[in-house]
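Asks: So here's entry-v9.txt (compact mmCIF, C-alpha atoms).
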```txt
# COMPACT_ATOMS: atom_id res chain seq x y z
CA MET X 1 -60.02 11.49 -14.67
CA GLU X 2 -58.27 8.77 -16.65
CA THR X 3 -58.37 5.12 -15.63
CA LYS X 4 -55.26 2.98 -15.48
CA LYS X 5 -56.25 1.20 -18.71
CA THR X 6 -56.67 4.30 -20.87
CA LEU X 7 -53.39 5.72 -19.58
CA LEU X 8 -51.63 2.51 -20.61
CA ALA X 9 -53.33 2.56 -23.99
CA ARG X 10 -52.17 6.12 -24.62
CA LEU X 11 -48.61 5.26 -23.54
CA GLY X 12 -48.77 2.21 -25.86
CA LYS X 13 -49.45 4.42 -28.86
CA LEU X 14 -46.19 6.30 -28.24
CA VAL X 15 -43.96 3.21 -28.80
CA PRO X 16 -43.69 1.53 -32.21
CA ALA X 17 -45.47 -1.79 -32.63
CA TRP X 18 -42.27 -3.85 -33.11
CA VAL X 19 -41.14 -3.02 -29.57
CA GLY X 20 -44.14 -4.92 -28.28
CA LYS X 21 -42.87 -8.10 -29.97
CA LEU X 22 -39.62 -7.92 -27.99
CA VAL X 23 -41.44 -7.86 -24.63
CA PRO X 24 -41.87 -11.42 -23.28
CA GLY X 25 -45.36 -12.71 -22.65
CA TRP X 26 -45.09 -12.99 -18.87
CA LEU X 27 -44.06 -9.34 -18.68
CA LYS X 28 -47.17 -8.32 -20.62
CA ARG X 29 -49.31 -10.37 -18.24
CA VAL X 30 -47.92 -8.85 -15.03
CA GLY X 31 -47.90 -5.39 -16.55
CA PRO X 32 -45.23 -2.66 -16.45
CA PHE X 33 -45.93 -1.51 -12.89
CA ALA X 34 -45.44 -5.01 -11.45
CA ALA X 35 -42.35 -5.45 -13.63
CA VAL X 36 -40.78 -2.27 -12.21
CA GLY X 37 -41.83 -3.42 -8.75
CA LEU X 38 -40.16 -6.82 -9.27
CA PHE X 39 -37.00 -5.10 -10.49
CA ALA X 40 -36.89 -2.91 -7.40
CA ALA X 41 -37.55 -5.91 -5.16
CA GLY X 42 -34.66 -7.69 -6.85
CA ILE X 43 -32.32 -4.82 -6.06
CA VAL X 44 -33.50 -4.73 -2.46
CA PHE X 45 -33.17 -8.51 -2.11
CA TRP X 46 -29.70 -8.62 -3.66
CA GLY X 47 -28.56 -5.63 -1.64
CA GLY X 48 -29.90 -7.21 1.52
CA PHE X 49 -28.25 -10.54 0.76
CA ASN X 50 -24.94 -8.90 0.03
CA TRP X 51 -25.22 -6.74 3.13
CA ALA X 52 -25.93 -9.76 5.33
CA LEU X 53 -23.01 -11.59 3.76
CA GLU X 54 -20.68 -8.67 4.33
CA MET X 55 -21.83 -8.49 7.94
CA THR X 56 -20.28 -11.94 8.38
CA ASN X 57 -17.09 -10.66 6.77
CA ARG X 58 -16.05 -8.40 9.60
CA GLU X 59 -13.49 -8.88 12.34
CA GLU X 60 -16.18 -8.15 14.97
CA PHE X 61 -18.30 -10.97 13.62
CA CYS X 62 -15.39 -13.42 13.59
CA ILE X 63 -14.42 -12.74 17.19
CA SER X 64 -18.00 -12.83 18.46
CA CYS X 65 -17.19 -16.53 18.97
CA HIS X 66 -15.00 -17.13 22.01
CA GLU X 67 -13.23 -19.91 20.10
CA MET X 68 -11.81 -17.33 17.72
CA LYS X 69 -11.45 -14.49 20.21
CA ASP X 70 -9.51 -16.42 22.86
CA ASN X 71 -7.29 -18.49 20.58
CA VAL X 72 -6.39 -17.31 17.10
CA PHE X 73 -7.30 -13.65 17.59
CA VAL X 74 -5.04 -13.27 20.64
CA GLU X 75 -2.13 -14.74 18.69
CA TYR X 76 -2.85 -12.55 15.67
CA GLN X 77 -2.65 -9.43 17.86
CA ASN X 78 1.11 -9.91 18.15
CA THR X 79 1.66 -9.93 14.42
CA ILE X 80 2.35 -7.36 11.72
CA HIS X 81 -1.04 -7.95 10.09
CA TYR X 82 -2.77 -6.66 13.23
CA THR X 83 -0.60 -3.68 14.09
CA ASN X 84 2.16 -2.04 12.09
CA ARG X 85 3.85 1.21 11.12
CA THR X 86 1.15 2.58 8.79
CA GLY X 87 -1.98 1.04 10.29
CA VAL X 88 -2.97 -0.80 7.12
CA ARG X 89 -4.41 -4.05 8.41
CA ALA X 90 -5.39 -7.45 7.12
CA THR X 91 -8.30 -8.65 9.23
CA CYS X 92 -9.70 -12.21 9.42
CA PRO X 93 -11.73 -12.22 6.17
CA ASP X 94 -8.88 -10.67 4.18
CA CYS X 95 -6.97 -13.92 4.51
CA HIS X 96 -9.69 -16.47 5.21
CA VAL X 97 -12.49 -15.47 2.81
CA PRO X 98 -11.81 -15.17 -0.95
CA LYS X 99 -12.64 -11.81 -2.54
CA GLU X 100 -13.99 -13.27 -5.82
CA TRP X 101 -17.73 -13.91 -5.79
CA GLY X 102 -17.77 -17.60 -6.72
CA PRO X 103 -15.03 -18.79 -4.36
CA LYS X 104 -16.51 -16.54 -1.65
CA MET X 105 -19.93 -18.21 -1.93
CA TRP X 106 -18.31 -21.64 -1.87
CA ARG X 107 -16.24 -20.80 1.22
CA LYS X 108 -19.33 -19.42 2.96
CA ILE X 109 -21.22 -22.63 2.25
CA GLN X 110 -18.28 -24.64 3.61
CA ALA X 111 -18.32 -22.43 6.69
CA SER X 112 -21.72 -23.84 7.65
CA ASN X 113 -19.73 -26.88 8.80
CA GLU X 114 -17.89 -24.57 11.18
CA VAL X 115 -21.25 -23.42 12.57
CA LEU X 116 -22.10 -27.07 13.19
CA HIS X 117 -18.83 -27.59 15.10
CA LYS X 118 -19.52 -24.42 17.09
CA ILE X 119 -22.82 -25.98 18.18
CA LEU X 120 -21.12 -29.34 18.88
CA GLY X 121 -18.44 -27.50 20.91
CA THR X 122 -15.59 -29.21 19.06
CA ILE X 123 -13.01 -26.61 20.12
CA ASP X 124 -14.81 -24.88 22.98
CA THR X 125 -11.81 -25.13 25.34
CA ARG X 126 -8.17 -24.15 24.89
CA GLU X 127 -7.12 -27.79 25.28
CA LYS X 128 -9.52 -29.00 22.60
CA PHE X 129 -8.33 -26.23 20.31
CA LEU X 130 -4.65 -27.08 20.81
CA ALA X 131 -5.38 -30.76 20.17
CA LYS X 132 -7.01 -29.82 16.87
CA ARG X 133 -4.50 -27.15 15.90
CA GLN X 134 -2.42 -29.26 13.54
CA ARG X 135 -5.45 -30.35 11.55
CA LEU X 136 -6.87 -26.84 11.38
CA ALA X 137 -3.52 -25.42 10.32
CA GLU X 138 -3.07 -28.04 7.63
CA ASN X 139 -6.56 -27.29 6.27
CA GLU X 140 -5.64 -23.63 5.95
CA TRP X 141 -2.22 -24.36 4.40
CA ARG X 142 -3.92 -26.63 1.86
CA ARG X 143 -6.35 -23.86 0.91
CA PHE X 144 -3.52 -21.36 0.46
CA LYS X 145 -1.41 -23.79 -1.51
CA ALA X 146 -4.31 -24.78 -3.80
CA THR X 147 -4.98 -21.15 -4.75
CA ASP X 148 -1.31 -20.12 -5.14
CA SER X 149 -1.74 -18.08 -1.94
CA ARG X 150 -4.56 -16.01 -3.41
CA PRO X 151 -5.43 -14.26 -0.12
CA CYS X 152 -1.83 -13.01 0.20
CA ARG X 153 -1.77 -11.87 -3.41
CA ASN X 154 -4.84 -9.70 -2.85
CA CYS X 155 -2.38 -7.25 -1.30
CA HIS X 156 1.12 -8.57 -1.99
CA ASN X 157 2.09 -8.70 -5.66
CA PHE X 158 5.62 -9.92 -6.16
CA ASN X 159 5.87 -8.21 -9.55
CA TYR X 160 5.87 -4.94 -7.65
CA MET X 161 8.28 -5.89 -4.89
CA ASP X 162 11.20 -3.49 -4.57
CA TYR X 163 14.05 -5.70 -3.42
CA SER X 164 16.18 -2.67 -2.62
CA MET X 165 13.64 -1.75 0.05
CA GLN X 166 13.54 -5.25 1.51
CA GLY X 167 15.82 -6.59 4.22
CA MET X 168 18.87 -8.55 3.15
CA ARG X 169 17.31 -11.92 3.75
CA PRO X 170 14.00 -11.40 1.90
CA ALA X 171 15.79 -9.60 -0.96
CA ARG X 172 17.98 -12.68 -1.37
CA GLU X 173 15.33 -15.35 -0.88
CA HIS X 174 12.31 -13.87 -2.72
CA PRO X 175 13.67 -13.91 -6.32
CA LYS X 176 15.08 -17.39 -5.72
CA ALA X 177 11.77 -18.71 -4.43
CA PHE X 178 9.77 -17.15 -7.28
CA ASP X 179 12.13 -18.72 -9.83
CA GLU X 180 11.55 -22.06 -8.19
CA GLY X 181 7.79 -21.54 -8.51
CA LYS X 182 7.16 -21.36 -4.79
CA THR X 183 4.12 -19.65 -3.36
CA CYS X 184 3.85 -17.48 -0.24
CA ILE X 185 2.57 -20.18 2.12
CA ASP X 186 5.51 -22.47 1.31
CA CYS X 187 7.75 -20.36 3.53
CA HIS X 188 5.39 -18.02 5.39
CA LYS X 189 3.61 -20.43 7.69
CA GLY X 190 2.61 -19.31 11.15
CA ILE X 191 2.96 -15.59 10.42
CA ALA X 192 -0.45 -14.59 11.79
CA HIS X 193 -1.09 -17.40 14.28
CA GLN X 194 1.10 -19.76 16.25
CA LEU X 195 2.13 -23.08 14.77
CA PRO X 196 1.27 -26.59 15.87
CA ALA X 197 4.10 -28.70 17.30
CA VAL X 198 6.81 -28.95 14.64
CA ASP X 199 9.69 -31.41 14.72
CA GLN X 200 12.90 -29.39 14.41
CA HIS X 201 15.22 -31.94 15.99
CA ILE X 202 15.71 -30.20 19.28
CA GLY X 203 15.90 -32.64 22.14
CA ARG X 204 13.31 -35.39 22.18
CA PHE X 205 10.36 -33.17 22.91
CA ASN X 206 8.79 -32.75 19.52
CA GLU X 207 9.64 -36.20 18.27
CA GLY X 208 6.90 -37.47 16.01
CA ALA X 209 5.43 -34.01 15.57
CA LEU X 210 4.55 -32.45 12.26
CA GLU X 211 7.42 -31.83 9.84
CA ILE X 212 6.81 -28.71 7.77
CA THR X 213 8.05 -28.24 4.25
CA HIS X 214 9.37 -25.11 2.56
CA GLY X 215 7.69 -25.89 -0.71
CA ASP X 216 10.16 -28.50 -1.90
CA GLY X 217 7.86 -31.47 -1.53
CA ALA X 218 9.76 -33.62 0.96
CA PRO X 219 9.84 -32.39 4.56
CA GLU X 220 13.10 -30.53 4.95
CA ALA X 221 13.50 -30.91 8.65
CA GLY X 222 14.31 -34.59 8.27
CA ALA X 223 16.65 -34.17 5.30
CA GLY X 224 20.10 -34.04 6.82
CA ARG X 225 19.72 -36.28 9.80
CA MET M 1 9.28 -2.42 82.85
CA LYS M 2 7.07 0.46 81.72
CA LEU M 3 10.17 2.42 80.86
CA ILE M 4 11.44 -0.37 78.62
CA HIS M 5 8.08 -0.54 76.85
CA ALA M 6 8.04 3.19 76.30
CA ALA M 7 11.60 3.17 75.03
CA ALA M 8 10.87 0.33 72.62
CA LEU M 9 7.77 2.12 71.33
CA LEU M 10 9.70 5.33 70.86
CA THR M 11 12.55 3.60 68.99
CA GLY M 12 9.99 1.82 66.84
CA LEU M 13 8.27 5.05 65.96
CA LEU M 14 11.57 6.76 65.19
CA LEU M 15 12.72 3.90 62.98
CA CYS M 16 9.41 3.88 61.20
CA CYS M 17 9.53 7.60 60.45
CA ALA M 18 13.16 7.44 59.34
CA GLY M 19 12.38 4.46 57.14
CA SER M 20 9.45 6.06 55.35
CA ALA M 21 11.35 9.32 54.89
CA ALA M 22 14.28 7.46 53.35
CA ALA M 23 11.94 5.42 51.18
CA GLN M 24 10.29 8.58 49.89
CA GLU M 25 13.61 10.04 48.93
CA THR M 26 14.95 6.96 47.13
CA LEU M 27 11.70 5.71 45.59
CA ARG M 28 11.88 6.17 41.84
CA SER M 29 9.51 4.34 39.55
CA GLU M 30 10.31 3.01 36.11
CA ARG M 31 8.18 5.85 34.74
CA GLY M 32 10.59 8.39 36.23
CA ASN M 33 8.97 11.20 38.18
CA ALA M 34 6.07 11.61 35.76
CA SER M 35 2.72 11.70 37.54
CA ILE M 36 0.07 9.20 36.63
CA GLU M 37 -1.80 11.71 34.43
CA GLU M 38 1.12 12.72 32.23
CA GLU M 39 2.91 10.55 29.73
CA SER M 40 6.36 9.38 30.70
CA LYS M 41 9.21 9.91 28.28
CA VAL M 42 10.02 6.47 26.98
CA ASN M 43 13.15 5.88 24.99
CA MET M 44 12.08 4.37 21.70
CA PHE M 45 14.97 2.25 20.57
CA ARG M 46 14.90 0.93 17.03
CA PRO M 47 16.29 -2.37 15.89
CA GLU M 48 19.36 -1.96 13.71
CA ALA M 49 19.01 -2.68 10.00
CA ASP M 50 19.81 -6.19 8.78
CA LYS M 51 23.49 -6.70 8.06
CA GLU M 52 26.08 -9.42 7.54
CA SER M 53 27.21 -11.29 10.63
CA ILE M 54 28.80 -9.08 13.30
CA PRO M 55 32.40 -10.04 14.20
CA ARG M 56 32.84 -11.47 17.68
CA ASN M 57 34.47 -9.32 20.35
CA TYR M 58 36.20 -12.16 22.15
CA ALA M 59 36.76 -15.88 21.81
CA ARG M 60 33.67 -18.02 22.35
CA GLN M 61 31.32 -15.05 22.37
CA PRO M 62 27.83 -16.15 21.35
CA PRO M 63 27.39 -14.52 17.91
CA LEU M 64 25.04 -11.52 17.92
CA VAL M 65 21.82 -11.54 15.91
CA PRO M 66 22.45 -9.21 12.94
CA HIS M 67 18.83 -9.04 11.81
CA SER M 68 15.33 -8.12 12.99
CA ILE M 69 13.51 -10.81 14.92
CA ARG M 70 10.15 -9.10 15.01
CA GLY M 71 7.28 -11.54 15.38
CA TYR M 72 9.57 -14.56 15.66
CA GLU M 73 7.89 -17.37 17.54
CA VAL M 74 9.95 -19.34 20.02
CA THR M 75 7.47 -21.51 21.87
CA GLN M 76 7.09 -25.06 23.05
CA ASN M 77 5.82 -25.96 19.58
CA PHE M 78 8.12 -24.10 17.26
CA ASN M 79 11.45 -22.28 17.25
CA LYS M 80 11.62 -19.74 14.44
CA CYS M 81 15.42 -19.39 14.73
CA MET M 82 15.84 -23.09 14.03
CA ASP M 83 13.76 -22.67 10.86
CA CYS M 84 16.94 -21.27 9.28
CA HIS M 85 19.86 -21.94 11.63
CA SER M 86 19.32 -25.66 12.27
CA ALA M 87 21.91 -28.00 10.81
CA GLU M 88 19.40 -29.28 8.26
CA ARG M 89 18.33 -25.84 7.02
CA ALA M 90 21.47 -23.69 7.38
CA GLU M 91 22.95 -24.52 3.99
CA ALA M 92 19.75 -23.75 2.06
CA THR M 93 19.09 -20.53 3.95
CA ARG M 94 22.76 -19.43 4.12
CA ALA M 95 22.31 -18.79 7.82
CA THR M 96 25.00 -19.38 10.44
CA ARG M 97 24.76 -23.02 11.38
CA VAL M 98 24.07 -23.78 15.04
CA GLY M 99 27.35 -24.55 16.86
CA LYS M 100 28.63 -28.04 17.64
CA SER M 101 28.65 -27.17 21.33
CA HIS M 102 24.86 -27.05 21.15
CA TYR M 103 24.71 -30.81 20.66
CA LEU M 104 26.39 -31.56 24.00
CA THR M 105 24.91 -32.33 27.37
CA ARG M 106 26.26 -30.70 30.51
CA GLU M 107 28.62 -33.67 30.82
CA ASP M 108 29.86 -33.14 27.23
CA LYS M 109 28.05 -36.22 25.95
CA LYS M 110 27.15 -35.86 22.27
CA LEU M 111 23.44 -35.84 21.38
CA PRO M 112 21.83 -36.65 18.03
CA ASN M 113 19.72 -33.49 18.26
CA ILE M 114 20.27 -30.02 19.63
CA SER M 115 20.29 -30.07 23.41
CA PRO M 116 17.02 -28.84 24.95
CA ARG M 117 19.07 -26.64 27.30
CA ARG M 118 19.99 -24.57 24.23
CA TYR M 119 16.37 -24.09 23.17
CA PHE M 120 15.99 -20.41 24.03
CA CYS M 121 18.43 -18.89 21.54
CA LEU M 122 17.83 -15.31 22.70
CA GLN M 123 19.19 -16.01 26.16
CA CYS M 124 22.68 -15.72 24.67
CA HIS M 125 22.27 -14.48 21.08
CA VAL M 126 20.84 -11.00 21.21
CA PRO M 127 19.56 -8.68 18.47
CA GLN M 128 21.03 -5.18 18.23
CA PHE M 129 19.27 -1.88 18.90
CA ASP M 130 20.44 1.70 18.44
CA ALA M 131 20.45 2.29 22.20
CA PRO M 132 23.61 4.09 23.37
CA PRO M 133 25.60 2.21 26.04
CA LEU M 134 24.68 3.33 29.57
CA VAL M 135 28.30 3.18 30.73
CA GLU M 136 31.55 3.23 28.84
CA ASN M 137 32.94 -0.22 28.19
CA VAL M 138 36.70 -0.58 28.46
CA TYR M 139 36.77 -4.35 28.16
CA LYS M 140 39.66 -5.69 26.05
CA PRO M 141 39.61 -9.31 24.93
CA ALA M 142 42.68 -11.45 25.60
CA ALA M 143 42.21 -13.07 22.19
CA LYS M 144 39.72 -12.92 19.33
CA ARG M 145 38.59 -15.87 17.33
```
Could you write out this structure as structure tokens?

Replies:
Amino acid sequence: METKKTLLARLGKLVPAWVGKLVPGWLKRVGPFAAVGLFAAGIVFWGGFNWALEMTNREEFCISCHEMKDNVFVEYQNTIHYTNRTGVRATCPDCHVPKEWGPKMWRKIQASNEVLHKILGTIDTREKFLAKRQRLAENEWRRFKATDSRPCRNCHNFNYMDYSMQGMRPAREHPKAFDEGKTCIDCHKGIAHQLPAVDQHIGRFNEGALEITHGDGAPEAGAGR
Amino acid sequence: MKLIHAAALLTGLLLCCAGSAAAQETLRSERGNASIEEESKVNMFRPEADKESIPRNYARQPPLVPHSIRGYEVTQNFNKCMDCHSAERAEATRATRVGKSHYLTREDKKLPNISPRRYFCLQCHVPQFDAPPLVENVYKPAAKR
């Protein structure tokens, strides 16, 4: 019966000497079995980390919070991204978590602030949520604008839009908007959730409310008054 | 006295029976006569495809909506129609501009903004579906505008 040492020595004779010089010192010290073990542990760790991360990237996870389930999720259920002709859906993370690794990690780290506000109960009632809606919406619009609407472009690529298949209004407006360098969020605000109070010059009700832009810099609603 | 009581009771009973019998005959639910287990035949009407503005049928008719309004939000906070049709936006979006009448109060006083009583556009301006008319319409306008 061979001992571990003699087995290693015999295996060592099979590889040329110069290979040994390429192996770093620490690897020689821990030995090949430990090295393979570490490699396997790395795979398991990375897989586990990724799995745990992906578990937080599911619709079920997002709406496990009543803040999400009773406010934004209910509104989203009335929209085309929830239910449509073909059943292809965009769920919460498709729009609110970047797909690229780096930005995804960064967004997940930022999301720890949201965990803090969950604990603090910042929006734990409908009233609190509505009071905060404008700020939350503007945060999200800023994110979309800063990334040239990256979450939209994960599925919608305007190079492949067939204007002949679009309705009259989008077929007319899309090429114009792209020429002007606009991005999706400039016009498509409030398509998956309801909007905060917007001043559209109807009566006195919304006076002083948010004025939204359509990507032209200055708020348009106040332009022709 | 007993006789009157008995007569009243009898009439009551008769009325009751007649009433329930009549109710059973005329009762027709929105589901039709489909039982609760089976699926009712629902007419699936489709919105008509987007088109240029539809000519009015008579003077002062509220213009019809010639496009899909799926998912359009008209709430306390935001009116999707006004996103294009408001006086400020109509030129840029090439949408029909909201009428001058919409800036008046009931007493015909002019307002700087659209009157709140005109807020719910779809009360008068309706989108079109491919549903066939339930009855023939023989209405003829006195004048078109």

Asks: Using all atoms listed in the file, which residues of chain X come within 6 Å of chain M, and what is the closest atom pair for each, with the distance in Å to one decimal? Give it as CSV, sorted by chain and residue number.

Replies:
```
residue,atom,partner,partner_atom,distance
X:Thr79,CA,M:Gly71,CA,5.9
X:Pro196,CA,M:Asn77,CA,5.9
X:Ala197,CA,M:Asn77,CA,4.0
X:Val198,CA,M:Phe78,CA,5.7
X:His201,CA,M:Asn113,CA,5.3
X:Ile202,CA,M:Ile114,CA,4.6
X:Gly203,CA,M:Pro116,CA,4.9
X:Gly224,CA,M:Glu88,CA,5.0
```

Asks: Any idea what the distance is between CA of Leu27 in chain X and CA of Gly47 in chain X?

Replies: 23.3 Å

Asks: Could you please determine the separation between CA of Ile123 in chain X and CA of Ile63 in chain X in Å, to one decimal place?

Replies: 14.2 Å

Asks: Show which residues sit within 10 Å of Asn57 in chain X, as a list in words. Count all atoms listed in the file, and ignore same-chain residues fewer than 3 positions away.

Replies: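 The residues satisfying every condition are Trp51, Ala52, Leu53, Glu54, Glu60, Phe61, Cys62, Thr91, Cys92, Pro93, Asp94, His96, Val97 and Lys108 of chain X.
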
Asks: Record the distance separating CA of Glu140 in chain X and CA of Tyr82 in chain X, expressed in Å with one decimal.

Replies: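 Distance between the two atoms: 18.7 Å.
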
Asks: Excluding Ala142 in chain M and residues on its chain fewer than 6 positions from it, collect all residues at most 12 Å away from it, counting all atoms listed in the file, and give them as a PyMOL selection string.

Replies: chain M and resi 57-60

Asks: Give me the residues near range 126-136 of chain M as a PyMOL selection string, where near means some atom within 12 Å (using all atoms listed in the file) and where sequence neighbours in that chain fewer than 3 positions away do not count.

Replies: chain M and resi 43-51+53-54+61-70+72+81+120-123+139
